[in-house]
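The structure appears below as structure tokens.
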Amino acid sequence: MCALAGGLIICGQVFPQNTSAPSTKTRVETTQEDPWWKHAVIYEIYPRSFQDSNGDGVGDINGITSRLDYLHDLGIDAIWICPMYPSPLVDFGYDISDYTAIDPLYGTLADFDHLISEAKKRNIRVIMDYVANHTSDQHPWFEESRSSRTNPKRDWYIWRNGKGPGQPPNNWLSWFGHSAWTFDPTTNQYYYHYFYTEQPDLNWRNPQVRKAMYGVMRFWLDRGVAGFRIDAASRLFEDPSLHDDPILPGKNSYGDPNIEHKYTDNLPEVHEVLREMRHIVAQYPGDPVLISEADEPNITELTRMYGNNDEIQLPMDFQIADVNRLSAPDFRTLLDEIERNSAHGQPFYFFGNHDQPRQWDRYGDGVHNDQIAKLMAALLLTTPATPLLYYGEEIGMRTTLPARKEDVQDPIGKIGWPEEKGRDGERTPMQWDTSNNAGFSTATHTWLPVPPSFAQYNVELESREPGSILSFYKRLLALRRSEPALKYGSYIPLDQNNSFVLSYFRKTAGKGDSLLVVLNLTGEQRTLRLDLAPQGITQKTSRPLLTAPEISDESLLIDNLTLAPFGVYIGAVH
Ligand code: GLC
């Protein structure tokens, strides 16, 4: 059933554009000038929630291995897996008690090796999470450190005297609420923890700590991992003279005064360590990558993460991730800034991860969320940046928060309820099909409940529906592979005063067509009169390669292009 509207053919079922997934895919090649991580599509997996293979209600390594074909068919080049190391699970794995083992909950080292080799067969690289800032308080290093003031590992953590009885050394606050200092009666001193009490910070000023932590990197690189995502990278150092942080107006959701983390974030010493880490990975073949988690507040700080091309290759760009509104000017400004970053570093974009509500509802307007999900996918996957997908966003998974405090798993939600409900909502099980537990697990209870939305939003159903979010992602990912402009084309912003529509040009010199990307970030139909003459384009029409919500093959006039509400147009010009 088709109708003609505004020059575009609106079809319910017909699928005229390139609808088939790519058949054979080569591994994203790597050379010194053009390393793989510049072109790879990376996919974040929260292992507890991806696939349970042994029926205990928690995802595991063999579960991930069993879904590699899905990831391959989707068009994924690398997976980053959140921590699977032994852990008391206070912060669901970000509190590590042994860096060189696998928690039995997720499997064994042999399972991990098997995952690496199966992934390799499908041209998928595996990136590990590397939690460098802190360990678990049950790590043997900390157990030794806390045992006496003279223990050889005492200085592996940050121990200080209080200001007086019951008074911590200064006003620093934990990211997860309340003082960042915990008193330990064994030795009558406080230890510092940026995150939970059970996550004491390592002392990166101690050379033995560095040596041990670099050994951890080598352990996993020797097993074949393709790099690391460095957790909380900007928080590795604290001001040694313990200045109080400046107090800001208002209170946070834990009831503490707001503060500026001036003396614990982004200290210059961080960069020395990042250079040392880069030096380690650079000794391994295959261009292993370093990704940094750090919500850098501005382009200057973000640019510093690249160093002199000797620190982080892919710093996660939280500014783009957290625009949190469909604003063409906001995105345009940020895209421009990062594209022109003075370090010439590779931008790295994402819209969702395991710490923030899912993009489906953060950017959705409550009416057009599915179309907006496609719009955000088009933005993520058509700039020169390396894209990071969060599991489930390709099927439109939404944030599903716990209804009652007693259901909360994430300790943030337990501390901050009801204002802060925690991160369970974005960590729910992957929705594979319409069977029990959405095909995630055969257990009676899964560690977090499967959201009711699984009945409509799941891989099985969406694979069959040409108009689904998943089908759109597949076509877009296929386009990234088939169009050199999406790989090598320069980024040229167009129509820069347009407040509603974001458009840009991916221009290639002699390597096939250039690409026009036009994204309507509003709920109204919009018409554009683009002029590509300054780009050397005299052609008047553009051939659509991928459009939404309408699917059309009809060439369009570049100087009279109409887009539906939240419409996407990706077309070729030469
Ligand atoms: C990072 C992780 C987050 C964790 C925190 C403490 O921000 O992404 O999940 O809670 O570090 O390790």
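The way I read the labels, and the way they are meant: chains A, B, ... in the order of the structure tokens, residue 1 as the first residue of every chain, and ligand 1 as the first ligand shown, with later ones counted on from there.
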
Would you tabulate, counting only C-alpha atoms, all residues of range 49-74 of chain A that have an atom at most 8 Å from an atom of range 98-122 of chain A, showing the closest pair of atoms and their distance in Å to one decimal, sorted by chain then ascending number, as a tab-separated table?
```
residue	atom	partner	partner_atom	distance
A:Val58	CA	A:Leu105	CA	7.7
A:Gly59	CA	A:Tyr106	CA	7.0
A:Asp60	CA	A:Tyr106	CA	4.2
A:Ile61	CA	A:Tyr106	CA	5.5
A:Asn62	CA	A:Asp111	CA	6.5
A:Ile64	CA	A:Leu115	CA	7.7
A:Thr65	CA	A:Leu115	CA	5.4
A:Leu68	CA	A:Ala119	CA	6.6
A:Asp69	CA	A:Arg122	CA	7.5
A:His72	CA	A:Arg122	CA	6.3
```

Residues from last step as file, N, CA and C atoms, as a CSV table (one decimal), in the first residue's frame:
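Result written to result09.csv:
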```
chain,number,residue,atom,x,y,z
A,58,VAL,N,21.2,-14.9,35.1
A,58,VAL,CA,22.3,-13.9,34.9
A,58,VAL,C,23.0,-14.2,33.6
A,59,GLY,N,23.2,-13.2,32.7
A,59,GLY,CA,23.9,-13.5,31.5
A,59,GLY,C,25.4,-13.9,31.7
A,60,ASP,N,26.0,-14.5,30.7
A,60,ASP,CA,27.3,-15.1,30.9
A,60,ASP,C,28.1,-15.1,29.6
A,61,ILE,N,29.4,-15.6,29.7
A,61,ILE,CA,30.3,-15.5,28.6
A,61,ILE,C,29.8,-16.5,27.4
A,62,ASN,N,29.4,-17.7,27.8
A,62,ASN,CA,28.9,-18.6,26.8
A,62,ASN,C,27.6,-18.1,26.1
A,64,ILE,N,27.1,-14.9,25.5
A,64,ILE,CA,27.6,-13.9,24.5
A,64,ILE,C,28.1,-14.6,23.3
A,65,THR,N,28.9,-15.7,23.5
A,65,THR,CA,29.4,-16.5,22.4
A,65,THR,C,28.3,-17.0,21.5
A,68,LEU,N,27.1,-14.4,18.9
A,68,LEU,CA,28.0,-13.7,18.0
A,68,LEU,C,27.5,-13.6,16.6
A,69,ASP,N,26.8,-14.7,16.1
A,69,ASP,CA,26.3,-14.6,14.8
A,69,ASP,C,25.3,-13.4,14.6
A,72,HIS,N,27.4,-10.4,14.3
A,72,HIS,CA,28.1,-10.4,12.9
A,72,HIS,C,27.1,-9.9,11.9
```

Hey, which bits of chain A sit within 7 Å of ligand 1, and for each residue what's the closest pair of atoms and how far apart in Å (one decimal), counting only C-alpha atoms and all ligand atoms, rows by chain and increasing number, as CSV?
```
residue,atom,partner,partner_atom_place_in_ligand_line,distance
A:Asp91,CA,ligand 1,10 (O),5.6
A:Tyr94,CA,ligand 1,12 (O),4.4
A:Asp95,CA,ligand 1,12 (O),6.5
A:Val131,CA,ligand 1,12 (O),6.6
A:Phe195,CA,ligand 1,6 (C),5.7
A:Asp231,CA,ligand 1,1 (C),5.3
A:Ala232,CA,ligand 1,11 (O),5.4
A:His354,CA,ligand 1,9 (O),6.3
A:Asp355,CA,ligand 1,9 (O),5.5
```

For Thr187 in chain A: contacts at 7 Å, only C-alpha atoms, fewer than 3 positions along chain excluded, given as a ChimeraX atom specification: /A:148-149,184

Any chance you can output those residues with N, CA, C and O atoms as a PDB file, in the first residue's frame?
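After the write, result_33.pdb holds the following:
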```pdb
ATOM      1  N   SER A 148      47.460  -2.911  58.505  1.00  0.00           N
ATOM      2  CA  SER A 148      48.285  -2.134  59.441  1.00  0.00           C
ATOM      3  C   SER A 148      48.903  -0.954  58.709  1.00  0.00           C
ATOM      4  O   SER A 148      49.039  -0.977  57.489  1.00  0.00           O
ATOM      5  N   ARG A 149      49.288   0.052  59.474  1.00  0.00           N
ATOM      6  CA  ARG A 149      49.873   1.243  58.850  1.00  0.00           C
ATOM      7  C   ARG A 149      51.248   0.948  58.254  1.00  0.00           C
ATOM      8  O   ARG A 149      51.759   1.733  57.463  1.00  0.00           O
ATOM      9  N   ASP A 184      38.389   3.687  59.005  1.00  0.00           N
ATOM     10  CA  ASP A 184      38.645   2.266  59.223  1.00  0.00           C
ATOM     11  C   ASP A 184      39.234   2.096  60.626  1.00  0.00           C
ATOM     12  O   ASP A 184      40.374   2.502  60.879  1.00  0.00           O
TER      13      ASP A 184
END
```

Shell around range 489-503 of chain A at 9 Å using only C-alpha atoms, local window under 4 positions removed, as a PyMOL selection string: chain A and resi 326-329+331-332+335-336+339+383-384+484-485+507-509+511+514-522+526+528-532+535

Contacts of range 41-52 of chain A at 6 Å (only C-alpha atoms; same-chain gap of 6+ positions) as a ChimeraX atom specification: /A:58-60,63-64,76-82,387-391,429-430,440-441

All residues 6 Å or closer to range 190-194 of chain A, only C-alpha atoms, same chain fewer than 5 positions away omitted, as a list of chain:residue names: A:Ile158, A:Trp159, A:Arg160, A:Ser174, A:Ala180, A:Trp181, A:Thr182, A:Phe183, A:Asp184, A:Gln199, A:Pro200, A:Asp201

Distance in Å - CA of Gly413 in chain A versus CA of Leu89 in chain A: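 The value is 14.8 Å.
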
Among the residues A:Pro35, A:Pro288, A:Gly255, A:Gly162, the one that comes closest to Gly224 in chain A [using only C-alpha atoms]: A:Pro288
